[in-house]
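Data block below; observations after.
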Amino acid sequence: MRIALFVTCLADTMFPAAAKATVQLLERLGHEVVFPTEQTCCGQMHINTGYQKDALPLVKRHVRTFEPYDVVVAPSGSCVGSVRHQHAMVARAANEPGLAARADAVAGRTYELSELLVDVLGVEDVGAYYPHRVTYHPTCHSLRILRVGDKPLRLLRNVRGLDLIELPAAEQCCGFGGTFSVKNADTSTAMLADKMRHVLETGADVCTAGDASCLMHIGGGLSRLRTGVQTVHLAEILASTEA
Amino acid sequence: MSTFLGMPARAPKGVGHLRGDETFPQAARTALANPQLRRNLHHATTTIRNKSGRVIAELPDWQDLRAAGSALKAYTMGNLTSLLEQLEEKVTAAGGVVHWAADANEANRIVTDLVRATGEQRVIKVKSMATQEIGLNEALADAGITPVETDLAELIVQLGDDKPSHILVPAIHRNRAEIREIFLRAMPGVDPSLTDDPPRLAGAARKYLRDTFLRTRVAVSGANFGIAETGTLAVVESEGNGRMCLTLPDTLITVMGIEKLVPTWQDLEVFLQLLPRASTGERMNPYTSMWTGVTPGDGPQNFHLVLLDNGRSAVLADEVGRQALHCIRCSACLNVCPVYERTGGHSYGSVYPGPIGAVLSPQLTGVEDNASLPYASSLCGACFDACPVRIDIPSILVHLRDQAPHPRSEAAMMAAAAYTMDRPKLYARAQRAAKLARIAGRRGRGLPPPLNGWAASRDLPVPPAETFRDWWRGR
Amino acid sequence: MSSKDLILGRIRAARAAYDGSIPRDYRRSFPPADLNLLVDRLVDYKAEVHRTSDISGTIKMILGAGVVVIPPGLPRGWLPPDISVLPDESLPADRIAAADGVVTAAAVAVAETGTIVLDGSPDQGRRIISLLPDLHICVLRPEQVVASVPEAVARLDPTRPLTWISGPSATSDIELNRVEGVHGPRNLHVILLEAL
């Protein structure tokens with residue numbers, strides 16, 4: 001299958017390892033990955049901070065860039081959530097019903113990584129090997145906007161050598177929330193403190209998730225406390241092999 | 001036609017409790033520094049979440065009930081004028097008197113005049129969000145009338161000279177030991193050997209209020225539902241203070257927001273299943289009273305219904321935001337909200353705290369008067385899942401953020417970012433420049449606000465040697 | 001312009017419309033009520049339940065000696081012969097409050113929620129009498145029990161004053177835990193008659 005990678009601006013700029021792993025994993029499974037270089041950012045930060053007008057050209061760009069592809073994947077539940085639930089809304093608010101329809105069409109072909117693997121490609125065992133104690137944070141947008149359910153866990157349970165430990169109060173937000181983390185830094189930090197406490201309770205060496213943004217947040221806190229717990233994107237675990 | 005067709009009419013300033021003195025982040029900072037408050041909130045919200053989850057799981061058709069509740073409320077909003085007129089007609093035919101209050105000032109004046117006309121100096125009150133919203137207690141006190149709150153939590157708040165912090169449980173920020181202290185300090189005639197055993201605390205309130213119930217001739221209530229088809233009003237409660245207020249006095253004055261309508265009697269079958277399970281986590285709350293006008297020989301023989309706008313019609317005028325009017329005040333969204341759980345209700349500055357407050361208060365007042373509230377959420381989506389009438393609170397938050405006044409520096413930064421991101425070559429250059437952020441170090445030394453808020457508790461990520469697109473090009 | 005016209009004008013100007021239907025996919029037909037479930041739910045919310053056909057003996061057992069208020073239409077045969085009965089003929093609140101208990105019938109009961117509904121019929125009386133005494137004894141016939149809330153709503157007449165009762169007076173105001181016993185009757189006894 002020919003799959004277009006929607007890399008997300010955050011993974012592209014700050015966490016390329018997650019994006020590279022997505023490419024390597026899909027190629028290992030026998031698929032062709034293409035990277036439309038006209039893509040930049042889906043506009044979620046603008047939309048969620050109250051700048052829909054500024055986001056409009058980004059939405060247009062995204063739709064234009066990914067329209068030619070049958071299947072689009074992103075290693076981010078949050079950015080896929082924005083494509084699926086916000087792009088058409090921004091277009092409608094700007095009185096562009098044609099764009100809204102096109103945005104909905106692209107959204108219908110856009111998948112978060114675990115959705116693509118399990119629902120579209122029908123794989124739960126990707127042949128990965130990752131000999132670590134791992135706990136999984138489901139991330140709010142994967143859980144409650146995309147409703148990926150236990151797909152990431154099913155993928156993780158099939159990883160050889162991986163010791164999966166359940167995260168207490170997993171469904172609770174880590175406190176990132178995009179610009180929430182700076183506009184309401186105190187509250188965000190209080191939420192993060194509880195998330196980190198739960199991660200540490202598991203005794204895991206690695207905390208994983210399907211979103212680089214939440215991992216940046218949790219990882220930033222764990223690093224500040226010098227806990228030694230690493231944050232690793234789900235794609236990187238699934239791309240790891242014994243060789 | 002008339003002037004009202006121009007600007008939507010918001011809740012007026014200078015009356016009521018919809019606007020706080022501080023922004024949300026400022027108020028939250030104070031709350032977060034109070035470990036006792038955080039323990040109380042965590043304990044209470046965790047308890048109710050678990051309880052509610054258990055009784056909701058007993059119903060195989062919960063999602064169908066939510067869908068019906070959501071549609072019924074949308075239908076109500078779409079037919080509000082005719083339903084309100086129908087309600088008025090039915091209440092009047094059943095011996096009640098209906099009053100229309102365009103805003104808080106008018107509602108306060110109507111209620112005050114009605115109480116004055118009875119010659120009474122004291123009213124008993126059933127817990128009501130609408131009367132808190134309009135500041136009725138203050139208006140009555142200014143007129144020399146003593147309002148007595150009879151709900152246990154409201155009593156705790158009133159005796160503690162405190163402010164409510166939750167829609168359902170206004171004293172949620174107090175634990176049993178604190179409640180005992182408040183009672184010992186402020187409740188006249190309290191038994192000095194009172195313990196913090198909850199049944200003993202409830203018993204103390206029973207003893208304290210009983211005589212007041214028996215001797216007060218006027219009561220003021222809110223309403224959970226007003227049924228247009230029949231003119232029936234419903235008050236859902238637990239303690240029996242509601243029954244006391246709705247049954248014993250000669251005169252009953254009910255203040256109801258115009259959005260509290262339900263089209264038909266049958267529709268209650270939906271809301272009476274949704275509300276208790278989402279709210280207190282009970283299959284059914286201990287008491288629900290329903291009355292239609294006046295029943296000769298039973299209960300108050302004078303009944304007044306005050307229909308309150310106070311900004312609701314302005315909310316209705318917003319296509320996205322109007323679903324906030326579907327709220328049935330269960331407070332489930334507060335109990336699941338990670339922001340509410342840590343900051344408590346006072347941080348929101350309005351009688352409507354939590355996620356629903358963050359979308360309702362700014363719309364009632366105009367978003368410029370509550371500009372920080374739409375941002376008081378990480379958009380985690382837990383509120384939408386918990387809402388028994390499926391209000392898409394996160395989407396309304398995003399919509400209101402778009403309308404909120406923005407700091408000039410932020411707006412400039414956002415515009416610059418959008419400009420850059422719409423130009424891939426410029427964007428790629430900016431990405432490479434991100435490596436320069438290494439100068440700030442992982443602790444973000446020298447970062448300007450608001451970015452220093454990140455670095456206070458979280459390390460910055462280490463910028464990679466090359467971006468993904470550079471790697472892709474070199475493959 | 002009156003405030004009514006002002007408000008209605010504002011609402012019209014808001015131009016909210018709804019052209020969808022109401023999806024009523026929730027359960028609306030139910031099997032016959034499960035009396036055991038009703039008992040379970042009543043007990044769960046701290047009501048005392050007596051399944052018997054001996055009404056007067058059970059009332060005597062609950063009340064012992066004492067004064068009991070009754071609505072004017074309560075079947076006198078339900079009452080034990082040797083207790084003091086105070087029929088409600090416009091009794092003042094103080095006298096009702098001073099009584100040891102009240103006996104009423106009911107209009108409907110809901111098994112799924114453990115709820116009893118009074119509708120002010122002559123065998124249930126004015127709302128005040130089931131409110132002020134600390135003990136409420138409610139006699140329920142099995143055919144009055146329905147399985148669900150929708151069935152109860154369908155059976156009730158909204159023009160009557162209705163009181164839905166689920167267990168004794170309670171509060172969740174202290175740490176969001178349910179505690180029984182505030183302003184309403186602290187003791188609720190339900191006499192559920194055995195089917196004949």
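By convention here, the chains of the structure tokens are called A, B, ... in the order presented, each chain's residues are numbered starting at 1, and ligands are numbered starting at 1 in the order presented.
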
Within 10 Å of Ser188 of chain A, counting only C-alpha atoms, which residues show up once you throw out same-chain ones fewer than 3 positions away? Write them as a PDB file with all heavy atoms, in the first residue's frame, please.
```
ATOM      1  N   CYS A 173      -5.570  13.184  31.834  1.00  0.00           N
ATOM      2  CA  CYS A 173      -4.731  14.073  31.033  1.00  0.00           C
ATOM      3  C   CYS A 173      -3.396  14.328  31.733  1.00  0.00           C
ATOM      4  O   CYS A 173      -3.332  14.469  32.954  1.00  0.00           O
ATOM      5  CB  CYS A 173      -5.471  15.393  30.843  1.00  0.00           C
ATOM      6  SG  CYS A 173      -4.571  16.630  29.903  1.00  0.00           S
ATOM      7  N   CYS A 174      -2.318  14.426  30.947  1.00  0.00           N
ATOM      8  CA  CYS A 174      -0.997  14.710  31.525  1.00  0.00           C
ATOM      9  C   CYS A 174      -0.827  16.197  31.807  1.00  0.00           C
ATOM     10  O   CYS A 174       0.158  16.607  32.414  1.00  0.00           O
ATOM     11  CB  CYS A 174       0.115  14.227  30.597  1.00  0.00           C
ATOM     12  SG  CYS A 174       0.329  15.241  29.109  1.00  0.00           S
ATOM     13  N   GLY A 175      -1.768  17.014  31.308  1.00  0.00           N
ATOM     14  CA  GLY A 175      -1.685  18.453  31.586  1.00  0.00           C
ATOM     15  C   GLY A 175      -1.045  19.260  30.476  1.00  0.00           C
ATOM     16  O   GLY A 175      -0.848  20.456  30.633  1.00  0.00           O
ATOM     17  N   PHE A 176      -0.739  18.616  29.349  1.00  0.00           N
ATOM     18  CA  PHE A 176      -0.089  19.374  28.273  1.00  0.00           C
ATOM     19  C   PHE A 176      -1.078  20.374  27.647  1.00  0.00           C
ATOM     20  O   PHE A 176      -1.006  21.559  27.925  1.00  0.00           O
ATOM     21  CB  PHE A 176       0.518  18.423  27.239  1.00  0.00           C
ATOM     22  CG  PHE A 176       1.108  19.154  26.068  1.00  0.00           C
ATOM     23  CD1 PHE A 176       2.133  20.076  26.253  1.00  0.00           C
ATOM     24  CD2 PHE A 176       0.632  18.947  24.776  1.00  0.00           C
ATOM     25  CE1 PHE A 176       2.668  20.779  25.170  1.00  0.00           C
ATOM     26  CE2 PHE A 176       1.173  19.651  23.689  1.00  0.00           C
ATOM     27  CZ  PHE A 176       2.179  20.555  23.884  1.00  0.00           C
ATOM     28  N   GLY A 177      -1.956  19.868  26.818  1.00  0.00           N
ATOM     29  CA  GLY A 177      -2.993  20.751  26.262  1.00  0.00           C
ATOM     30  C   GLY A 177      -2.467  21.879  25.405  1.00  0.00           C
ATOM     31  O   GLY A 177      -3.064  22.953  25.339  1.00  0.00           O
ATOM     32  N   PHE A 180      -2.112  25.507  26.654  1.00  0.00           N
ATOM     33  CA  PHE A 180      -2.558  25.405  28.053  1.00  0.00           C
ATOM     34  C   PHE A 180      -1.357  25.271  28.981  1.00  0.00           C
ATOM     35  O   PHE A 180      -1.347  25.816  30.086  1.00  0.00           O
ATOM     36  CB  PHE A 180      -3.492  24.196  28.201  1.00  0.00           C
ATOM     37  CG  PHE A 180      -3.890  23.878  29.615  1.00  0.00           C
ATOM     38  CD1 PHE A 180      -4.891  24.596  30.256  1.00  0.00           C
ATOM     39  CD2 PHE A 180      -3.262  22.847  30.313  1.00  0.00           C
ATOM     40  CE1 PHE A 180      -5.258  24.298  31.560  1.00  0.00           C
ATOM     41  CE2 PHE A 180      -3.631  22.535  31.620  1.00  0.00           C
ATOM     42  CZ  PHE A 180      -4.630  23.266  32.237  1.00  0.00           C
ATOM     43  N   SER A 181      -0.335  24.536  28.510  1.00  0.00           N
ATOM     44  CA  SER A 181       0.819  24.257  29.372  1.00  0.00           C
ATOM     45  C   SER A 181       1.612  25.510  29.724  1.00  0.00           C
ATOM     46  O   SER A 181       2.350  25.515  30.709  1.00  0.00           O
ATOM     47  CB  SER A 181       1.740  23.234  28.702  1.00  0.00           C
ATOM     48  OG  SER A 181       2.251  23.769  27.496  1.00  0.00           O
ATOM     49  N   VAL A 182       1.467  26.562  28.938  1.00  0.00           N
ATOM     50  CA  VAL A 182       2.126  27.812  29.308  1.00  0.00           C
ATOM     51  C   VAL A 182       1.143  28.867  29.826  1.00  0.00           C
ATOM     52  O   VAL A 182       1.461  29.627  30.733  1.00  0.00           O
ATOM     53  CB  VAL A 182       2.982  28.400  28.155  1.00  0.00           C
ATOM     54  CG1 VAL A 182       4.157  27.494  27.873  1.00  0.00           C
ATOM     55  CG2 VAL A 182       2.159  28.603  26.900  1.00  0.00           C
ATOM     56  N   LYS A 183      -0.076  28.862  29.279  1.00  0.00           N
ATOM     57  CA  LYS A 183      -1.063  29.843  29.751  1.00  0.00           C
ATOM     58  C   LYS A 183      -1.534  29.513  31.168  1.00  0.00           C
ATOM     59  O   LYS A 183      -1.883  30.395  31.941  1.00  0.00           O
ATOM     60  CB  LYS A 183      -2.283  29.859  28.828  1.00  0.00           C
ATOM     61  CG  LYS A 183      -2.101  30.655  27.556  1.00  0.00           C
ATOM     62  CD  LYS A 183      -3.358  30.544  26.715  1.00  0.00           C
ATOM     63  CE  LYS A 183      -3.303  31.404  25.482  1.00  0.00           C
ATOM     64  NZ  LYS A 183      -3.609  32.823  25.731  1.00  0.00           N
ATOM     65  N   ASN A 184      -1.626  28.235  31.460  1.00  0.00           N
ATOM     66  CA  ASN A 184      -2.019  27.793  32.794  1.00  0.00           C
ATOM     67  C   ASN A 184      -0.938  26.853  33.333  1.00  0.00           C
ATOM     68  O   ASN A 184      -1.202  25.700  33.682  1.00  0.00           O
ATOM     69  CB  ASN A 184      -3.383  27.095  32.747  1.00  0.00           C
ATOM     70  CG  ASN A 184      -4.532  28.092  32.698  1.00  0.00           C
ATOM     71  OD1 ASN A 184      -4.858  28.719  33.690  1.00  0.00           O
ATOM     72  ND2 ASN A 184      -5.109  28.254  31.526  1.00  0.00           N
ATOM     73  N   ALA A 185       0.271  27.397  33.382  1.00  0.00           N
ATOM     74  CA  ALA A 185       1.433  26.566  33.709  1.00  0.00           C
ATOM     75  C   ALA A 185       1.318  25.902  35.079  1.00  0.00           C
ATOM     76  O   ALA A 185       1.699  24.737  35.246  1.00  0.00           O
ATOM     77  CB  ALA A 185       2.709  27.403  33.640  1.00  0.00           C
ATOM     78  N   MET A 191      -1.123  18.783  37.151  1.00  0.00           N
ATOM     79  CA  MET A 191      -1.609  17.588  36.465  1.00  0.00           C
ATOM     80  C   MET A 191      -0.441  16.680  36.092  1.00  0.00           C
ATOM     81  O   MET A 191      -0.510  15.457  36.229  1.00  0.00           O
ATOM     82  CB  MET A 191      -2.400  17.995  35.210  1.00  0.00           C
ATOM     83  CG  MET A 191      -3.744  18.646  35.550  1.00  0.00           C
ATOM     84  SD  MET A 191      -4.415  19.693  34.225  1.00  0.00           S
ATOM     85  CE  MET A 191      -4.897  18.473  33.033  1.00  0.00           C
ATOM     86  N   LEU A 192       0.629  17.301  35.636  1.00  0.00           N
ATOM     87  CA  LEU A 192       1.817  16.527  35.258  1.00  0.00           C
ATOM     88  C   LEU A 192       2.398  15.789  36.463  1.00  0.00           C
ATOM     89  O   LEU A 192       2.836  14.642  36.344  1.00  0.00           O
ATOM     90  CB  LEU A 192       2.873  17.472  34.659  1.00  0.00           C
ATOM     91  CG  LEU A 192       4.221  16.847  34.322  1.00  0.00           C
ATOM     92  CD1 LEU A 192       4.076  15.750  33.272  1.00  0.00           C
ATOM     93  CD2 LEU A 192       5.203  17.914  33.832  1.00  0.00           C
ATOM     94  N   ALA A 193       2.371  16.452  37.613  1.00  0.00           N
ATOM     95  CA  ALA A 193       2.944  15.825  38.816  1.00  0.00           C
ATOM     96  C   ALA A 193       2.239  14.503  39.116  1.00  0.00           C
ATOM     97  O   ALA A 193       2.876  13.504  39.445  1.00  0.00           O
ATOM     98  CB  ALA A 193       2.820  16.783  40.003  1.00  0.00           C
ATOM     99  N   HIS A 217       5.930  16.603  27.072  1.00  0.00           N
ATOM    100  CA  HIS A 217       5.508  17.156  28.352  1.00  0.00           C
ATOM    101  C   HIS A 217       5.915  16.240  29.502  1.00  0.00           C
ATOM    102  O   HIS A 217       6.604  16.645  30.437  1.00  0.00           O
ATOM    103  CB  HIS A 217       3.990  17.355  28.324  1.00  0.00           C
ATOM    104  CG  HIS A 217       3.453  18.098  29.490  1.00  0.00           C
ATOM    105  ND1 HIS A 217       2.471  17.605  30.303  1.00  0.00           N
ATOM    106  CD2 HIS A 217       3.781  19.317  29.988  1.00  0.00           C
ATOM    107  CE1 HIS A 217       2.210  18.493  31.241  1.00  0.00           C
ATOM    108  NE2 HIS A 217       2.972  19.530  31.069  1.00  0.00           N
TER     109      HIS A 217
ATOM    110  N   PRO B 338      -9.857  17.296  35.029  1.00  0.00           N
ATOM    111  CA  PRO B 338      -8.576  17.326  35.746  1.00  0.00           C
ATOM    112  C   PRO B 338      -8.195  18.737  36.194  1.00  0.00           C
ATOM    113  O   PRO B 338      -7.454  18.889  37.163  1.00  0.00           O
ATOM    114  CB  PRO B 338      -7.581  16.792  34.713  1.00  0.00           C
ATOM    115  CG  PRO B 338      -8.222  17.031  33.384  1.00  0.00           C
ATOM    116  CD  PRO B 338      -9.710  16.929  33.614  1.00  0.00           C
ATOM    117  N   VAL B 339      -8.713  19.745  35.498  1.00  0.00           N
ATOM    118  CA  VAL B 339      -8.419  21.130  35.893  1.00  0.00           C
ATOM    119  C   VAL B 339      -9.243  21.488  37.130  1.00  0.00           C
ATOM    120  O   VAL B 339      -8.712  21.972  38.132  1.00  0.00           O
ATOM    121  CB  VAL B 339      -8.707  22.099  34.725  1.00  0.00           C
ATOM    122  CG1 VAL B 339      -8.553  23.543  35.171  1.00  0.00           C
ATOM    123  CG2 VAL B 339      -7.782  21.791  33.560  1.00  0.00           C
ATOM    124  N   ARG B 342      -8.066  20.023  40.432  1.00  0.00           N
ATOM    125  CA  ARG B 342      -6.873  20.597  41.062  1.00  0.00           C
ATOM    126  C   ARG B 342      -7.038  22.049  41.478  1.00  0.00           C
ATOM    127  O   ARG B 342      -6.372  22.506  42.390  1.00  0.00           O
ATOM    128  CB  ARG B 342      -5.676  20.428  40.126  1.00  0.00           C
ATOM    129  CG  ARG B 342      -5.246  18.967  40.110  1.00  0.00           C
ATOM    130  CD  ARG B 342      -4.364  18.610  38.944  1.00  0.00           C
ATOM    131  NE  ARG B 342      -4.086  17.179  38.984  1.00  0.00           N
ATOM    132  CZ  ARG B 342      -4.865  16.258  38.419  1.00  0.00           C
ATOM    133  NH1 ARG B 342      -5.967  16.600  37.786  1.00  0.00           N
ATOM    134  NH2 ARG B 342      -4.554  14.968  38.513  1.00  0.00           N
ATOM    135  N   SER B 377      -8.741  24.930  30.353  1.00  0.00           N
ATOM    136  CA  SER B 377      -8.991  23.534  30.003  1.00  0.00           C
ATOM    137  C   SER B 377      -7.848  23.041  29.132  1.00  0.00           C
ATOM    138  O   SER B 377      -7.353  23.777  28.277  1.00  0.00           O
ATOM    139  CB  SER B 377     -10.301  23.406  29.215  1.00  0.00           C
ATOM    140  OG  SER B 377     -10.367  22.151  28.569  1.00  0.00           O
ATOM    141  N   SER B 378      -7.455  21.794  29.341  1.00  0.00           N
ATOM    142  CA  SER B 378      -6.432  21.194  28.476  1.00  0.00           C
ATOM    143  C   SER B 378      -7.077  20.542  27.264  1.00  0.00           C
ATOM    144  O   SER B 378      -6.400  19.886  26.486  1.00  0.00           O
ATOM    145  CB  SER B 378      -5.610  20.174  29.264  1.00  0.00           C
ATOM    146  OG  SER B 378      -6.425  19.083  29.646  1.00  0.00           O
ATOM    147  N   GLY B 453       7.014  29.705  31.759  1.00  0.00           N
ATOM    148  CA  GLY B 453       6.070  28.884  32.539  1.00  0.00           C
ATOM    149  C   GLY B 453       6.276  27.406  32.271  1.00  0.00           C
ATOM    150  O   GLY B 453       6.102  26.576  33.151  1.00  0.00           O
ATOM    151  N   TRP B 454       6.649  27.078  31.064  1.00  0.00           N
ATOM    152  CA  TRP B 454       6.978  25.682  30.740  1.00  0.00           C
ATOM    153  C   TRP B 454       8.231  25.265  31.504  1.00  0.00           C
ATOM    154  O   TRP B 454       8.262  24.233  32.171  1.00  0.00           O
ATOM    155  CB  TRP B 454       7.220  25.538  29.228  1.00  0.00           C
ATOM    156  CG  TRP B 454       7.721  24.182  28.839  1.00  0.00           C
ATOM    157  CD1 TRP B 454       9.007  23.712  28.947  1.00  0.00           C
ATOM    158  CD2 TRP B 454       6.945  23.088  28.350  1.00  0.00           C
ATOM    159  NE1 TRP B 454       9.066  22.414  28.534  1.00  0.00           N
ATOM    160  CE2 TRP B 454       7.814  22.000  28.164  1.00  0.00           C
ATOM    161  CE3 TRP B 454       5.585  22.934  28.036  1.00  0.00           C
ATOM    162  CZ2 TRP B 454       7.383  20.766  27.673  1.00  0.00           C
ATOM    163  CZ3 TRP B 454       5.160  21.695  27.551  1.00  0.00           C
ATOM    164  CH2 TRP B 454       6.048  20.638  27.383  1.00  0.00           C
ATOM    165  N   SER B 457       8.923  23.891  35.385  1.00  0.00           N
ATOM    166  CA  SER B 457       8.758  22.536  35.912  1.00  0.00           C
ATOM    167  C   SER B 457       9.120  21.452  34.911  1.00  0.00           C
ATOM    168  O   SER B 457       9.097  20.283  35.233  1.00  0.00           O
ATOM    169  CB  SER B 457       7.301  22.342  36.351  1.00  0.00           C
ATOM    170  OG  SER B 457       6.437  22.531  35.247  1.00  0.00           O
TER     171      SER B 457
END
```

**Request:** Write out as a PyMOL selection string each polymer residue whose atoms come within 10 Å of segment 112-127 of chain B, counting only C-alpha atoms; drop sequence neighbours fewer than 4 positions from it.
**Result:** chain B and resi 106-108+131-132+136-137+139-155+167-170+209+212-213+215-223+235+237+240-246+249-254+304

Which chain A residues have any atom within 8 Å of an atom of chain B, and for each, what is the nearest pair of atoms with distance in Å to one decimal, counting only C-alpha atoms, rows sorted by chain and number, as JSON lines?
```
{"residue": "A:Ala11", "atom": "CA", "partner": "B:Phe468", "partner_atom": "CA", "distance": 7.5}
{"residue": "A:Asp12", "atom": "CA", "partner": "B:Phe468", "partner_atom": "CA", "distance": 4.7}
{"residue": "A:Thr13", "atom": "CA", "partner": "B:Thr467", "partner_atom": "CA", "distance": 5.1}
{"residue": "A:Met14", "atom": "CA", "partner": "B:Pro463", "partner_atom": "CA", "distance": 5.5}
{"residue": "A:Phe15", "atom": "CA", "partner": "B:Pro464", "partner_atom": "CA", "distance": 7.1}
{"residue": "A:Pro16", "atom": "CA", "partner": "B:Phe468", "partner_atom": "CA", "distance": 4.7}
{"residue": "A:Ala17", "atom": "CA", "partner": "B:Phe468", "partner_atom": "CA", "distance": 7.8}
{"residue": "A:Ala19", "atom": "CA", "partner": "B:Phe468", "partner_atom": "CA", "distance": 6.8}
{"residue": "A:Lys20", "atom": "CA", "partner": "B:Phe468", "partner_atom": "CA", "distance": 7.0}
{"residue": "A:Phe35", "atom": "CA", "partner": "B:Trp472", "partner_atom": "CA", "distance": 8.0}
{"residue": "A:Thr37", "atom": "CA", "partner": "B:Arg469", "partner_atom": "CA", "distance": 7.6}
{"residue": "A:Glu38", "atom": "CA", "partner": "B:Pro424", "partner_atom": "CA", "distance": 6.0}
{"residue": "A:Gln39", "atom": "CA", "partner": "B:Pro424", "partner_atom": "CA", "distance": 7.2}
{"residue": "A:Thr40", "atom": "CA", "partner": "B:Met421", "partner_atom": "CA", "distance": 5.7}
{"residue": "A:Cys41", "atom": "CA", "partner": "B:Met421", "partner_atom": "CA", "distance": 6.3}
{"residue": "A:Gly43", "atom": "CA", "partner": "B:Ala418", "partner_atom": "CA", "distance": 7.9}
{"residue": "A:His46", "atom": "CA", "partner": "B:Met414", "partner_atom": "CA", "distance": 6.8}
{"residue": "A:Ile47", "atom": "CA", "partner": "B:Val398", "partner_atom": "CA", "distance": 7.0}
{"residue": "A:Asn48", "atom": "CA", "partner": "B:Val398", "partner_atom": "CA", "distance": 5.5}
{"residue": "A:Thr49", "atom": "CA", "partner": "B:Arg401", "partner_atom": "CA", "distance": 6.2}
{"residue": "A:Gly50", "atom": "CA", "partner": "B:Asp402", "partner_atom": "CA", "distance": 3.7}
{"residue": "A:Tyr51", "atom": "CA", "partner": "B:Asp402", "partner_atom": "CA", "distance": 5.7}
{"residue": "A:Gln52", "atom": "CA", "partner": "B:Asp402", "partner_atom": "CA", "distance": 6.4}
{"residue": "A:Asp54", "atom": "CA", "partner": "B:Ala418", "partner_atom": "CA", "distance": 5.9}
{"residue": "A:Ala55", "atom": "CA", "partner": "B:Ala418", "partner_atom": "CA", "distance": 6.7}
{"residue": "A:Pro57", "atom": "CA", "partner": "B:Asp422", "partner_atom": "CA", "distance": 6.6}
{"residue": "A:Leu58", "atom": "CA", "partner": "B:Asp422", "partner_atom": "CA", "distance": 6.0}
{"residue": "A:Arg61", "atom": "CA", "partner": "B:Asp422", "partner_atom": "CA", "distance": 7.1}
{"residue": "A:Cys140", "atom": "CA", "partner": "B:Cys380", "partner_atom": "CA", "distance": 5.1}
{"residue": "A:His141", "atom": "CA", "partner": "B:Cys380", "partner_atom": "CA", "distance": 6.8}
{"residue": "A:Arg144", "atom": "CA", "partner": "B:Gly381", "partner_atom": "CA", "distance": 6.1}
{"residue": "A:Ile145", "atom": "CA", "partner": "B:Gly381", "partner_atom": "CA", "distance": 7.4}
{"residue": "A:Gln172", "atom": "CA", "partner": "B:Pro338", "partner_atom": "CA", "distance": 7.1}
{"residue": "A:Cys173", "atom": "CA", "partner": "B:Cys380", "partner_atom": "CA", "distance": 6.1}
{"residue": "A:Gly175", "atom": "CA", "partner": "B:Ser378", "partner_atom": "CA", "distance": 6.3}
{"residue": "A:Phe176", "atom": "CA", "partner": "B:Ser378", "partner_atom": "CA", "distance": 6.6}
{"residue": "A:Gly177", "atom": "CA", "partner": "B:Ser378", "partner_atom": "CA", "distance": 4.1}
{"residue": "A:Gly178", "atom": "CA", "partner": "B:Ser378", "partner_atom": "CA", "distance": 7.4}
{"residue": "A:Phe180", "atom": "CA", "partner": "B:Ser378", "partner_atom": "CA", "distance": 5.7}
{"residue": "A:Ser181", "atom": "CA", "partner": "B:Trp454", "partner_atom": "CA", "distance": 6.5}
{"residue": "A:Val182", "atom": "CA", "partner": "B:Gly453", "partner_atom": "CA", "distance": 5.2}
{"residue": "A:Lys183", "atom": "CA", "partner": "B:Pro450", "partner_atom": "CA", "distance": 6.7}
{"residue": "A:Asn184", "atom": "CA", "partner": "B:Pro25", "partner_atom": "CA", "distance": 5.6}
{"residue": "A:Ala185", "atom": "CA", "partner": "B:Gly453", "partner_atom": "CA", "distance": 5.3}
{"residue": "A:Asp186", "atom": "CA", "partner": "B:Arg29", "partner_atom": "CA", "distance": 6.3}
{"residue": "A:Thr187", "atom": "CA", "partner": "B:Val339", "partner_atom": "CA", "distance": 6.7}
{"residue": "A:Thr189", "atom": "CA", "partner": "B:Ser457", "partner_atom": "CA", "distance": 6.6}
{"residue": "A:Ala190", "atom": "CA", "partner": "B:Arg342", "partner_atom": "CA", "distance": 7.2}
{"residue": "A:Met191", "atom": "CA", "partner": "B:Pro338", "partner_atom": "CA", "distance": 7.0}
{"residue": "A:Met216", "atom": "CA", "partner": "B:Pro461", "partner_atom": "CA", "distance": 6.6}
{"residue": "A:His217", "atom": "CA", "partner": "B:Arg458", "partner_atom": "CA", "distance": 7.0}
{"residue": "A:Gly219", "atom": "CA", "partner": "B:Asp459", "partner_atom": "CA", "distance": 7.8}
{"residue": "A:Gly220", "atom": "CA", "partner": "B:Asp459", "partner_atom": "CA", "distance": 4.2}
{"residue": "A:Gly221", "atom": "CA", "partner": "B:Arg458", "partner_atom": "CA", "distance": 4.4}
{"residue": "A:Leu222", "atom": "CA", "partner": "B:Arg458", "partner_atom": "CA", "distance": 7.8}
{"residue": "A:Ser223", "atom": "CA", "partner": "B:Asp459", "partner_atom": "CA", "distance": 6.3}
{"residue": "A:Arg224", "atom": "CA", "partner": "B:Asp459", "partner_atom": "CA", "distance": 5.4}
```

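In this model, the gap between atom CA of Leu447 of chain B and atom CA of Leu10 of chain A comes to 19.2 Å.
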